[in-house]
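For reference, my_file_21.csv (CSV, C-alpha atoms and all ligand atoms):
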```csv
chain,number,residue,atom,x,y,z
C,1,MET,CA,-7.9,19.9,-5.0
C,2,GLN,CA,-7.0,17.5,-7.8
C,3,LYS,CA,-3.9,15.6,-6.7
C,4,VAL,CA,-1.4,13.4,-8.5
C,5,VAL,CA,-1.4,10.1,-6.7
C,6,VAL,CA,0.8,7.0,-7.2
C,7,ILE,CA,-0.5,3.7,-5.8
C,8,THR,CA,1.6,0.5,-5.7
C,9,GLY,CA,-0.4,-2.7,-5.3
C,10,ALA,CA,-3.2,-1.1,-7.3
C,11,SER,CA,-4.3,-4.2,-9.1
C,12,SER,CA,-6.5,-5.6,-6.3
C,13,GLY,CA,-8.0,-5.2,-2.9
C,14,ILE,CA,-7.2,-2.0,-0.9
C,15,GLY,CA,-5.1,-0.5,-3.7
C,16,LYS,CA,-7.7,-1.1,-6.3
C,17,ALA,CA,-10.5,0.3,-4.1
C,18,THR,CA,-8.4,3.4,-3.4
C,19,ALA,CA,-7.6,3.8,-7.1
C,20,ASN,CA,-11.3,3.6,-8.0
C,21,LEU,CA,-12.2,6.2,-5.4
C,22,LEU,CA,-9.5,8.6,-6.3
C,23,ILE,CA,-10.3,8.3,-10.0
C,24,SER,CA,-14.0,8.9,-9.4
C,25,ASN,CA,-12.9,12.0,-7.3
C,26,LYS,CA,-11.1,13.4,-10.4
C,27,ASN,CA,-7.6,13.0,-9.2
C,28,LYS,CA,-4.7,12.1,-11.5
C,29,VAL,CA,-3.8,8.6,-10.7
C,30,VAL,CA,-0.8,6.3,-11.5
C,31,LEU,CA,-1.7,2.6,-11.0
C,32,ALA,CA,1.2,0.2,-10.4
C,33,ALA,CA,1.4,-3.6,-9.9
C,34,ARG,CA,2.8,-6.6,-11.7
C,35,ARG,CA,-0.5,-7.8,-13.2
C,36,LYS,CA,-0.9,-5.1,-15.9
C,37,ASP,CA,-4.1,-6.8,-17.3
C,38,LYS,CA,-5.8,-6.1,-14.0
C,39,LEU,CA,-4.7,-2.4,-14.1
C,40,ASP,CA,-5.9,-2.1,-17.6
C,41,ASN,CA,-9.3,-3.4,-16.5
C,42,ILE,CA,-9.5,-0.7,-13.7
C,43,PHE,CA,-8.7,1.9,-16.4
C,44,LEU,CA,-11.5,0.7,-18.6
C,45,GLU,CA,-14.0,0.1,-15.8
C,46,ASN,CA,-13.6,3.8,-14.8
C,47,ASN,CA,-13.9,5.1,-18.4
C,48,SER,CA,-10.5,6.7,-17.7
C,49,ASN,CA,-8.6,8.8,-20.2
C,50,SER,CA,-4.9,8.8,-20.4
C,51,ASP,CA,-4.6,12.5,-19.5
C,52,ASP,CA,-5.8,11.6,-16.0
C,53,VAL,CA,-4.9,7.9,-15.4
C,54,ILE,CA,-2.0,5.8,-16.3
C,55,VAL,CA,-1.1,2.2,-15.6
C,56,THR,CA,2.3,0.6,-15.5
C,57,LYS,CA,3.7,-2.8,-14.7
C,58,THR,CA,5.8,-2.5,-11.6
C,59,ASP,CA,7.6,-4.9,-9.3
C,60,VAL,CA,8.3,-3.2,-6.0
C,61,THR,CA,11.1,-5.7,-5.2
C,62,SER,CA,13.1,-4.1,-8.0
C,63,ILE,CA,14.5,-0.6,-7.2
C,64,LYS,CA,14.8,0.1,-10.9
C,65,SER,CA,11.2,-0.8,-11.5
C,66,VAL,CA,10.1,1.6,-8.6
C,67,GLU,CA,12.4,4.4,-9.8
C,68,ASP,CA,11.0,4.0,-13.3
C,69,LEU,CA,7.5,4.3,-11.8
C,70,ALA,CA,8.4,7.6,-10.1
C,71,SER,CA,10.0,8.9,-13.3
C,72,LEU,CA,7.0,8.0,-15.3
C,73,ALA,CA,4.6,9.7,-12.9
C,74,LEU,CA,6.7,12.9,-12.8
C,75,ASP,CA,7.2,13.0,-16.6
C,76,LYS,CA,3.5,12.6,-17.2
C,77,PHE,CA,2.0,14.9,-14.6
C,78,GLY,CA,5.0,17.2,-13.6
C,79,ARG,CA,4.6,16.5,-9.9
C,80,ILE,CA,3.8,13.7,-7.4
C,81,ASP,CA,1.5,14.9,-4.5
C,82,VAL,CA,0.8,11.5,-2.9
C,83,TRP,CA,2.6,8.2,-3.0
C,84,ILE,CA,0.8,5.2,-1.5
C,85,ASN,CA,3.0,2.1,-0.7
C,86,CYS,CA,0.2,-0.5,-0.7
C,87,ALA,CA,1.8,-3.6,-2.3
C,88,GLY,CA,2.0,-6.4,0.2
C,89,ILE,CA,1.8,-10.2,0.7
C,90,MET,CA,1.0,-12.3,3.7
C,91,PRO,CA,2.2,-15.9,3.3
C,92,LEU,CA,1.6,-16.9,6.9
C,93,SER,CA,3.2,-20.1,8.4
C,94,ASN,CA,4.6,-21.4,11.6
C,95,PHE,CA,8.4,-21.0,12.2
C,96,ILE,CA,8.8,-24.8,12.6
C,97,ASP,CA,8.0,-25.2,8.9
C,98,GLY,CA,11.0,-23.1,8.0
C,99,LYS,CA,9.5,-21.5,4.9
C,100,SER,CA,12.5,-19.1,4.5
C,101,THR,CA,11.7,-18.3,0.9
C,102,GLU,CA,8.3,-17.0,1.9
C,103,TRP,CA,10.0,-15.0,4.7
C,104,ASP,CA,12.3,-13.5,2.1
C,105,ASN,CA,9.4,-12.7,-0.2
C,106,MET,CA,7.5,-10.9,2.6
C,107,ILE,CA,10.6,-8.9,3.5
C,108,ASP,CA,11.2,-8.0,-0.1
C,109,VAL,CA,7.7,-6.9,-1.0
C,110,ASN,CA,6.5,-5.5,2.4
C,111,ILE,CA,9.7,-3.8,3.6
C,112,ARG,CA,12.1,-3.4,0.7
C,113,GLY,CA,9.1,-2.4,-1.6
C,114,THR,CA,8.2,0.4,0.8
C,115,LEU,CA,11.7,1.6,1.2
C,116,TYR,CA,12.2,1.6,-2.6
C,117,GLY,CA,9.1,3.8,-2.8
C,118,ILE,CA,10.4,6.2,-0.3
C,119,LYS,CA,13.8,6.4,-1.9
C,120,SER,CA,12.2,7.0,-5.3
C,121,VAL,CA,9.7,9.7,-4.3
C,122,LEU,CA,11.3,11.5,-1.4
C,123,PRO,CA,13.8,13.6,-3.4
C,124,ILE,CA,11.0,14.6,-5.8
C,125,MET,CA,8.8,15.7,-2.9
C,126,ARG,CA,11.7,17.6,-1.3
C,127,ARG,CA,12.2,19.5,-4.5
C,128,GLN,CA,8.5,20.3,-4.7
C,129,SER,CA,8.4,21.3,-1.0
C,130,TYR,CA,5.3,19.3,-0.8
C,131,GLY,CA,4.1,15.7,-0.7
C,132,HIS,CA,2.4,13.0,1.3
C,133,ILE,CA,3.7,9.5,1.7
C,134,ILE,CA,1.2,6.9,2.9
C,135,ASN,CA,2.5,3.5,4.0
C,136,ILE,CA,0.1,0.6,4.5
C,137,SER,CA,1.0,-1.3,7.7
C,138,SER,CA,-1.6,-3.5,9.6
C,139,LYS,CA,-3.1,-4.1,13.0
C,140,ALA,CA,-0.7,-7.0,12.8
C,141,GLY,CA,2.1,-4.5,13.0
C,142,HIS,CA,1.0,-3.9,16.6
C,143,GLU,CA,0.6,-7.5,17.8
C,144,SER,CA,1.4,-10.9,16.5
C,145,HIS,CA,-0.1,-14.4,16.6
C,146,PRO,CA,1.0,-18.0,15.7
C,147,SER,CA,2.0,-18.2,12.0
C,148,GLY,CA,2.1,-14.4,11.8
C,149,GLY,CA,5.6,-13.7,13.2
C,150,VAL,CA,7.3,-12.6,10.0
C,151,TYR,CA,4.3,-10.8,8.5
C,152,SER,CA,3.9,-8.8,11.8
C,153,ALA,CA,7.6,-8.1,11.8
C,154,THR,CA,7.4,-6.6,8.3
C,155,LYS,CA,4.3,-4.5,9.3
C,156,ALA,CA,6.0,-3.3,12.6
C,157,ALA,CA,9.0,-2.3,10.4
C,158,ILE,CA,6.6,-0.1,8.4
C,159,LEU,CA,5.5,1.6,11.6
C,160,MET,CA,9.1,2.3,12.6
C,161,ILE,CA,10.3,3.4,9.1
C,162,SER,CA,7.3,5.7,8.8
C,163,ASP,CA,7.8,7.2,12.3
C,164,ALA,CA,11.4,8.1,11.7
C,165,LEU,CA,10.7,9.4,8.2
C,166,ARG,CA,7.9,11.6,9.5
C,167,GLN,CA,10.2,13.1,12.1
C,168,GLU,CA,13.0,13.6,9.6
C,169,GLU,CA,10.7,15.6,7.3
C,170,ILE,CA,9.4,17.7,10.3
C,171,ILE,CA,12.9,18.5,11.2
C,172,ALA,CA,13.8,19.4,7.6
C,173,LYS,CA,10.6,21.5,7.3
C,174,SER,CA,10.1,19.9,4.0
C,175,ASN,CA,6.3,20.0,4.0
C,176,VAL,CA,6.4,16.3,3.3
C,177,ARG,CA,3.8,14.5,5.4
C,178,VAL,CA,4.0,10.8,6.3
C,179,SER,CA,1.0,8.7,7.3
C,180,VAL,CA,0.4,5.1,8.1
C,181,VAL,CA,-2.8,3.2,7.5
C,182,SER,CA,-3.1,0.0,9.6
C,183,PRO,CA,-6.1,-2.0,8.6
C,184,GLY,CA,-7.7,-5.0,10.4
C,185,ALA,CA,-9.3,-7.8,8.4
C,186,VAL,CA,-10.3,-6.7,4.9
C,187,ASN,CA,-11.9,-8.8,2.2
C,188,THR,CA,-9.2,-8.9,-0.5
C,189,GLU,CA,-7.0,-11.3,-2.4
C,190,LEU,CA,-4.4,-11.2,0.4
C,191,LEU,CA,-5.3,-14.7,1.8
C,192,LYS,CA,-4.4,-16.2,-1.6
C,193,SER,CA,-0.7,-15.6,-0.6
C,194,ILE,CA,-1.1,-18.1,2.3
C,195,HIS,CA,0.2,-21.4,0.9
C,196,ASP,CA,0.1,-23.3,4.2
C,197,LYS,CA,-3.3,-25.1,3.9
C,198,ASP,CA,-4.1,-25.3,7.6
C,199,THR,CA,-3.2,-21.7,8.2
C,200,HIS,CA,-5.2,-20.6,5.2
C,201,LYS,CA,-8.3,-22.5,6.4
C,202,PHE,CA,-8.0,-21.0,9.9
C,203,ILE,CA,-7.4,-17.4,8.8
C,204,LYS,CA,-10.2,-17.8,6.1
C,205,SER,CA,-12.7,-18.8,8.8
C,206,ILE,CA,-11.8,-15.7,10.8
C,207,TYR,CA,-12.1,-13.4,7.8
C,208,ASN,CA,-15.4,-15.0,6.8
C,209,GLN,CA,-16.8,-13.7,10.1
C,210,THR,CA,-15.1,-10.3,10.3
C,211,ALA,CA,-13.6,-8.9,7.2
C,212,ILE,CA,-14.9,-5.6,5.8
C,213,SER,CA,-14.9,-4.2,2.3
C,214,PRO,CA,-11.7,-2.6,1.0
C,215,ASN,CA,-13.8,0.4,0.2
C,216,ARG,CA,-13.8,1.2,3.9
C,217,ILE,CA,-10.1,1.5,3.9
C,218,ALA,CA,-10.1,3.5,0.7
C,219,ASN,CA,-12.4,6.0,2.4
C,220,GLY,CA,-9.9,6.4,5.2
C,221,ILE,CA,-7.1,6.9,2.8
C,222,LEU,CA,-9.1,9.6,1.0
C,223,GLU,CA,-9.7,11.3,4.3
C,224,ILE,CA,-6.0,11.4,5.0
C,225,ILE,CA,-5.2,12.7,1.5
C,226,ASN,CA,-7.8,15.5,1.7
C,227,LEU,CA,-6.6,16.9,5.1
C,228,PRO,CA,-5.4,20.6,5.0
C,229,ALA,CA,-1.7,20.9,4.5
C,230,ASP,CA,-1.1,21.9,8.1
C,231,THR,CA,-2.7,18.7,9.5
C,232,ASN,CA,-1.8,15.1,9.5
C,233,ILE,CA,-3.1,11.7,10.7
C,234,ASN,CA,0.1,10.0,11.7
C,235,GLU,CA,-1.6,6.6,11.9
C,236,MET,CA,-5.1,5.5,11.1
C,237,ILE,CA,-6.0,2.1,12.6
C,238,VAL,CA,-9.2,1.0,10.8
C,239,GLY,CA,-10.9,-2.3,10.6
C,240,PRO,CA,-14.1,-4.3,11.5
C,241,ALA,CA,-16.1,-2.9,14.3
C,242,ASN,CA,-16.3,-6.3,15.9
C,243,GLU,CA,-12.6,-7.2,15.6
V,1,LIG,P1,-4.3,-8.0,-2.3
V,1,LIG,O1,-3.7,-9.3,-2.4
V,1,LIG,O2,-5.7,-7.8,-2.8
V,1,LIG,O3,-3.4,-6.8,-2.9
V,1,LIG,C1,-2.0,-6.9,-2.9
V,1,LIG,C2,-1.5,-6.0,-4.0
V,1,LIG,O4,0.0,-6.0,-3.8
V,1,LIG,C3,-1.8,-6.5,-5.3
V,1,LIG,O5,-2.2,-5.4,-6.1
V,1,LIG,C4,-0.5,-7.1,-5.9
V,1,LIG,O6,-0.5,-6.8,-7.3
V,1,LIG,C5,0.5,-6.2,-5.1
V,1,LIG,N1,1.8,-6.8,-5.1
V,1,LIG,C6,2.2,-8.0,-4.5
V,1,LIG,N2,3.5,-8.2,-4.8
V,1,LIG,C7,3.9,-7.2,-5.6
V,1,LIG,C8,5.2,-6.8,-6.2
V,1,LIG,N3,6.3,-7.6,-6.0
V,1,LIG,N4,5.3,-5.7,-6.9
V,1,LIG,C9,4.2,-4.9,-7.1
V,1,LIG,N5,3.0,-5.2,-6.5
V,1,LIG,C10,2.9,-6.3,-5.8
V,1,LIG,O7,-4.3,-7.6,-0.7
V,1,LIG,P2,-4.7,-6.3,0.1
V,1,LIG,O8,-5.4,-5.3,-0.8
V,1,LIG,O9,-5.4,-6.7,1.3
V,1,LIG,O10,-3.2,-5.7,0.5
V,1,LIG,C11,-2.9,-4.4,0.4
V,1,LIG,C12,-2.0,-4.0,1.6
V,1,LIG,O11,-2.9,-4.0,2.7
V,1,LIG,C13,-0.9,-5.0,1.9
V,1,LIG,O12,0.3,-4.2,2.2
V,1,LIG,C14,-1.4,-5.8,3.1
V,1,LIG,O13,-0.4,-6.2,3.9
V,1,LIG,C15,-2.2,-4.7,3.8
V,1,LIG,N6,-3.2,-5.2,4.7
V,1,LIG,C16,-4.2,-6.0,4.3
V,1,LIG,C17,-5.1,-6.4,5.2
V,1,LIG,C18,-6.2,-7.4,4.9
V,1,LIG,O14,-6.9,-7.9,5.8
V,1,LIG,N7,-6.5,-7.5,3.6
V,1,LIG,C19,-5.0,-6.1,6.7
V,1,LIG,C20,-3.9,-5.2,7.0
V,1,LIG,C21,-3.0,-4.8,6.0
V,1,LIG,P3,0.2,-7.8,-8.3
V,1,LIG,O15,0.0,-9.2,-7.8
V,1,LIG,O16,-0.6,-7.5,-9.6
V,1,LIG,O17,1.6,-7.4,-8.4
```

As structure tokens, the full file:
Amino acid sequence: MQKVVVITGASSGIGKATANLLISNKNKVVLAARRKDKLDNIFLENNSNSDDVIVTKTDVTSIKSVEDLASLALDKFGRIDVWINCAGIMPLSNFIDGKSTEWDNMIDVNIRGTLYGIKSVLPIMRRQSYGHIINISSKAGHESHPSGGVYSATKAAILMISDALRQEEIIAKSNVRVSVVSPGAVNTELLKSIHDKDTHKFIKSIYNQTAISPNRIANGILEIINLPADTNINEMIVGPANE
């Protein structure tokens, strides 16, 4: 069935690959991120028409911006079937370096951005008595490593937020499903957000050996979206076979 899908972080990487796949599968898609030029390119590359695909500049650290995104999608398509909280950053560094601004940024984008998405779409899905919220966590939400403490904490938060939300919706019999996708190393722009040179070099060397295409993750997300309404994948952990 054709679905109305909103994707944050749609301008690159996993969000972009998911957008491309959903558009090619004839869904109605709303692409959101800060770099509107990148979203416009995705629109053009897919020969989209504005009856099916819209793009909008969105900053997930602003509740108003995310609420506007939900309103736009609802006004345009009359419903929101799936909301994918994909926007994220990963400025890794060791605690001794005290990069508290980067910690704040990660908390703002990865945690607050997801919460703002939930706040904006949940009342809409409750009214519809239907919906699916898909939050992007990470394998790093299950374990941490040197330089990854804060990033892992934000991704572990996504697991806990999603688990509680999923149970609340079950208790409320709302027909709103909640899924988490937790990727391993994926070849995207994410490493550009690592400003610490040594950490960037180290992580890059690992990614060069292991990282898989974002299309693999997009396939997993499509599988979750296309499940029958009585079925859910609570969490999909998906990454390189050799990781
Ligand atoms: P990319 O850097 O390629 O994509 C990140 C996306 O987030 C971009 O579209 C970016 O758009 C968007 N974004 C960042 N900040 C904001 C903001 N303030 N408001 C709106 N959008 C924002 O990385 P990935 O595709 O890899 O990342 C997607 C998700 O997958 C993230 O949550 C990441 O943590 C997660 N993940 C990635 C893994 C990997 O190995 N790549 C592994 C595990 C999880 P713009 O800059 O235009 O705003």

Which protein, DNA or RNA residues have an atom within 6 Å of ligand LIG 1 (chain V), counting only C-alpha atoms and all ligand atoms, as a ChimeraX atom specification?
/C:8-15,33-35,58-61,86-89,109,136-138,182-190

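Interatomic distance, atom CA of C:Ile225 to atom CA of C:Lys16: 16.0 Å.
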
Could you tell me how far atom CA of C:Ser65 sits from atom CA of C:Met236, in Å to one decimal place?
28.6 Å

C:Leu165 surroundings by only C-alpha atoms, 12 Å radius, close-in-sequence under 2 positions cut, as number ranges by chain
C: 114-115, 118-119, 122, 132-135, 158-163, 167-172, 174, 176-180, 234

Which of C:Phe95, C:Phe43, C:Tyr116, C:Trp83 sits closest to C:Val150 [using only C-alpha atoms]
C:Phe95

Under the rule that all atoms listed in the file are counted, which of C:Ala19, C:Ala164, C:Ile111, C:Ile80 is the nearest residue to C:Ile124?
C:Ile80

Contacts of C:His142 at 8 Å (only C-alpha atoms; same-chain gap of 3+ positions) as an MDAnalysis selection string:
chainID C and resid 138:139 152 156

Just write the chosen residues, C-alpha atoms, as a short mmCIF file (atom, residue, chain, number, x, y, z; two decimals), keeping the file's coordinate frame.
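And here is the file that came out, selection25.cif:
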```
data_model
loop_
_atom_site.label_atom_id
_atom_site.label_comp_id
_atom_site.auth_asym_id
_atom_site.auth_seq_id
_atom_site.Cartn_x
_atom_site.Cartn_y
_atom_site.Cartn_z
CA SER C 138 -1.60 -3.50 9.60
CA LYS C 139 -3.10 -4.10 13.00
CA SER C 152 3.90 -8.80 11.80
CA ALA C 156 6.00 -3.30 12.60
#
```

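Note that the spacing between atom CA of C:Lys76 and atom CA of C:Asn226 amounts to 22.2 Å.
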